[in-house]
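These notes are about the structure you will find just below.
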Amino acid sequence: MAARLNNPFARTSLISGLGSGVSRGLRFVVEAAVCLTLAVSLFRTFVAQGYMIETGSMAPTLWGYHRRATCPSCGTAICVSETRTDGRAFCPNCGRGGIDLEHQARDDGDQLLVNRAAFDFKSPHRWGVVVFRNPSKPAQAFVKRLAGLPNETLQIIQGDLYINGEIQTKPLAVRRSLQIPVFDQDHLPNDHDPDWQPRWVIEPGTTGWQEHGSVFGFDDLSLDPTVTASLKHPQSNPPPPTSKTLAPQAGLRYRHWIRRGGRHATSVPVRQWPIGVPATGAAYDQLRYDDLMGVLVCTGALPKTRRDELLHGAPAEFQQAVHELYEASHLSPIRDVYGYNGGMHGEGGQREVRDLALSLTLNVPAGQGEVRIGISDGTEQFEACFDFANGQVRLIQLQTGLTVRTGPLTCRHGIDADVELSLMDRQVLVAVDQVEPFAAYSYQATSVAANSKPATPWRPVWISAAKVQARVSHLKLWRDVYYTEGEGPRSGSATAVKLGPDEYFVLGDNSPVSMDSRCWPAGERLSAGLILGQPFLVHLPSVRQRVSIGGRSTDIRIPDISRIRYIR
């Protein structure tokens with residue numbers, strides 16, 4: 001090689017070859033860039049088009065303009081609409097309030113790629129996300145979720161969607177796309193947070209359960225066989241549940257403990273109001289003493305300051321009642337809270353939610369017993385029994401003791417299994433590693449009276465185990481969208497909306513603030529001709545980052561890869 005390089009003719013030949021290679025390489029790059037530009041242009045012209053979300057009517061599925069922060073207690077990422085003007089947010093996971101937003105830069109909304117040809121050969125389907133022209137301002141594009149199809153009669157009753165008098169259930173993939181986080185056990189508040197109490201608790205009197213940070217373990221391979229038999233054959237006529245009834249046979253249970261606020265009522269017996277204790281009245285309107293019934297009633301969670309006022313100088317019997325009231329008042333039903341909307345409860349948080357889902361990771365290293373995961377909507381109670389002795393997953397309706405579904409157990413000893421159990425729209429669904437072992441079980445799937453109020457579960461999910469070693473981790477509780485009745489000519493639980501032959505009805509996932517078909521003026525209708533396509537990808541997301549150059553600060557946008565996702 002050295003001799004050839006030293007040869008002037010060889011050197012000339014080499015340089016000529018290099019020049020030819022560079023020319024070919026440059027030509028390839030230029031041609032590739034031109035082809036890519038043409039392909040993107042043609043793709044966006046005839047197949048896809050980009051849109052940016054501006055508002056939060058589809059949050060948390062899709063974000064509009066927003067500000068982001070991190071909860072200082074539990075580390076949960078918080079995304080709040082930039083329309084919040086008070087500069088504060090609350091954590092939808094642990095409920096911590098007063099989180100600073102003033103120093104957070106505004107981020108743009110999600111950018112969507114929309115398949116413009118999605119409905120050329122098929123009709124839009126229920127629960128699909130669509131982009132369409134605003135019926136009153138065709139130059140303006142909206143994004144919502146399809147709820148009603150042509151010629152259907154639609155109603156919203158107690159947060160659920162009814163079509164032609166029947167409640168509408170959601171397949172597993174749709175349920176996942178709609179579910180809203182309630183609590184993530186992996187994001188526990190730190191040990192220095194004095195205002196926090198655990199939500200997942202081991203029930204007093206149970207054995208075998210231990211807590212290890214965010215993970216729970218069970219170890220009891222020597223359980224009495226008679227107890228095991230009773231677990232496999234529950235009572236045929238258990239007592240009917242009430243809103244605060246403890247679910248049977250639970251060792252580990254979720255309770256929705258809140259820091260402050262709430263609209264629930266809690267009471268404790270108090271024979272008489274003690275002399276010298278500050279009286280209830282307008283200044284403390286969340287407290288009410290009923291001397292006729294001999295009870296002290298609190299609306300919402302009793303603040304520590306008010307508790308301490310009541311305890312000061314009070315007799316021991318009254319102090320005990322106040323302590324009981326304080327603890328009980330912080331247990332609340334789950335509500336339709338939207339952290340994105342900001343505020344203490346966000347534009348929402350007023351309605352009790354019964355439709356929930358639990359996801360977790362289950363590992364059973366040893367044992368031939370069972371692990372049971374239970375869920376209740378306040379009226380019905382079900383348990384998914386993972387029976388390692390018989391290799392089955394059974395769904396048991398606790399009111400009757402009947403096994404209503406049976407399927408193969410795909411969990412293997414010592415291997416993590418991702419388990420999901422949901423009770424939404426009066427349908428129970430079980431999945432293991434994203435596969436359903438049996439068909440979803442529906443009950444009472446007909447319209448209910450608009451003026452009847454079902455019970456709400458206060459301790460809605462639980463876990464029990466017998467004759468196994470087990471580890472439960474990544475516990476996450478979710479809720480369904482609670483569709484509010486809205487304000488407009490086509491809203492209200494008594495309103496049954498009859499859709500025309502070319503008319504669709506759309507709803508926003510962020511129901512309390514969404515301007516959708518419920519709110520449009522009379523005469524405005526969404527027809528097929530106004531539908532632009534189906535969004536399928538959140539692309540080119542970015543986040544603002546402040547940098548300092550030469551003593552001057554400025555905001556630049558950097559890619560946020562974590563937000564790239566498919567839309568379902």
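Quick note on naming: the chains in the structure tokens go A, B, ... in the order shown, residues restart at 1 in each chain, and ligands are numbered from 1 in order of appearance.
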
>> Env of Leu221 in chain A: 9 Å cut, atoms = only C-alpha atoms, seq-sep filter 3 positions within chain, self excluded. Answer as a list in words.
In response: Ala366, Gly367, Gln368, Gly369, Ala466, Lys467, Val468 and Gln469 of chain A

Go ahead and save the picked residues with N, CA and C atoms, as a CSV table (one decimal), in the first residue's frame.
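So result36.csv came out as:
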```csv
chain,number,residue,atom,x,y,z
A,366,ALA,N,-44.0,-20.6,44.8
A,366,ALA,CA,-44.2,-22.0,45.3
A,366,ALA,C,-45.7,-22.1,45.8
A,367,GLY,N,-46.1,-23.3,45.9
A,367,GLY,CA,-47.4,-23.6,46.5
A,367,GLY,C,-48.5,-24.1,45.5
A,368,GLN,N,-49.4,-24.8,46.0
A,368,GLN,CA,-50.5,-25.3,45.2
A,368,GLN,C,-51.9,-24.8,45.7
A,369,GLY,N,-51.8,-23.6,46.2
A,369,GLY,CA,-53.1,-22.9,46.7
A,369,GLY,C,-53.6,-22.0,45.7
A,466,ALA,N,-53.9,-18.2,49.8
A,466,ALA,CA,-53.9,-19.3,50.6
A,466,ALA,C,-53.0,-20.4,50.1
A,467,LYS,N,-52.1,-21.0,51.0
A,467,LYS,CA,-51.3,-22.1,50.6
A,467,LYS,C,-50.3,-21.8,49.5
A,468,VAL,N,-49.8,-20.6,49.4
A,468,VAL,CA,-48.9,-20.3,48.4
A,468,VAL,C,-47.8,-19.3,49.0
A,469,GLN,N,-46.7,-19.2,48.3
A,469,GLN,CA,-45.9,-18.0,48.4
A,469,GLN,C,-46.2,-17.1,47.3
```

> Which of range 300-347 of chain A counts as alpha helix (DSSP H) under DSSP, as a list in words please?
Replying inline: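 Alpha helix (DSSP H) assignments inside range 300-347 of chain A correspond to Lys304, Thr305, Arg306, Arg307, Asp308, Glu309, Leu310, Leu311, Ala316, Glu317, Phe318, Gln319, Gln320, Ala321, Val322, His323, Glu324, Leu325, Tyr326, Glu327, Ala328 and Ser329 of chain A.
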
> How far is it from CA of Leu402 in chain A to CA of Lys476 in chain A, in Å with one decimal?
Replying inline: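 These two atoms are separated by 27.5 Å.
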
>> Ranking A:Ile415, A:Leu252, A:Thr305, A:Gly300 by minimum distance to Asp285 in chain A and counting only C-alpha atoms, which one comes first?
In response: A:Gly300

> Can you tell me, as a list of chain:residue names, what residues are no more than 9 Å from Asn510 in chain A when counting only C-alpha atoms, ignoring any on the same chain fewer than 2 positions away?
Replying inline: A:Gly56, A:Ser57, A:Met58, A:Ala59, A:Pro60, A:Thr61, A:Tyr338, A:Tyr340, A:Asn341, A:Val481, A:Tyr482, A:Tyr483, A:Leu507, A:Gly508, A:Pro512, A:Val513, A:Ser514

> Counting only C-alpha atoms, what is within 8 Å of range 68-84 of chain A, bar same-chain residues fewer than 6 positions away, as a PyMOL selection string?
Replying inline: chain A and resi 55-56+91-94+96+99-101+104-107+187-190+193+339-342

>> Quick check for you: according to DSSP on this backbone, which residues of range 117-169 of chain A are classed as strand (DSSP E or B)? Reply as a list in words.
In response: Val129, Val130, Val131, Phe132, Arg133, Ala141, Phe142, Val143, Lys144, Arg145, Leu146, Ala147, Gly148, Thr153, Leu154, Gln155, Ile156, Ile157, Gly159, Asp160, Leu161, Tyr162, Ile163, Glu166 and Ile167 of chain A

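Counting only C-alpha atoms, the residue from A:Leu161, A:Met52, A:Ile463, A:Leu421 that sits nearest to Val131 in chain A is A:Met52.
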
>> Report as number ranges by chain all protein, DNA and RNA residues lying within 10 Å of Gly391 in chain A, evaluated on only C-alpha atoms, omitting residues in the same chain fewer than 5 positions from it.
In response: A: 368, 370, 386, 407-412

Would you mind exporting C-alpha atoms of the selected residues as a compact mmCIF listing (two decimals), in the first residue's frame?
```
# COMPACT_ATOMS: atom_id res chain seq x y z
CA GLN A 368 -50.55 -25.31 45.19
CA GLU A 370 -54.65 -19.86 45.19
CA PHE A 386 -55.98 -17.99 40.34
CA GLY A 407 -60.39 -20.52 31.86
CA PRO A 408 -56.84 -21.95 31.75
CA LEU A 409 -54.26 -20.60 34.17
CA THR A 410 -51.27 -19.46 32.13
CA CYS A 411 -49.31 -18.17 35.16
CA ARG A 412 -46.26 -20.30 35.90
```

> Any idea what the distance is between CA of Leu146 in chain A and CA of Phe505 in chain A?
Replying inline: 6.2 Å

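Take the candidates A:Ala470, A:Glu317, A:Leu113, A:Arg263 and check each one against Gln210 in chain A using only C-alpha atoms; the shortest distance goes to A:Ala470.
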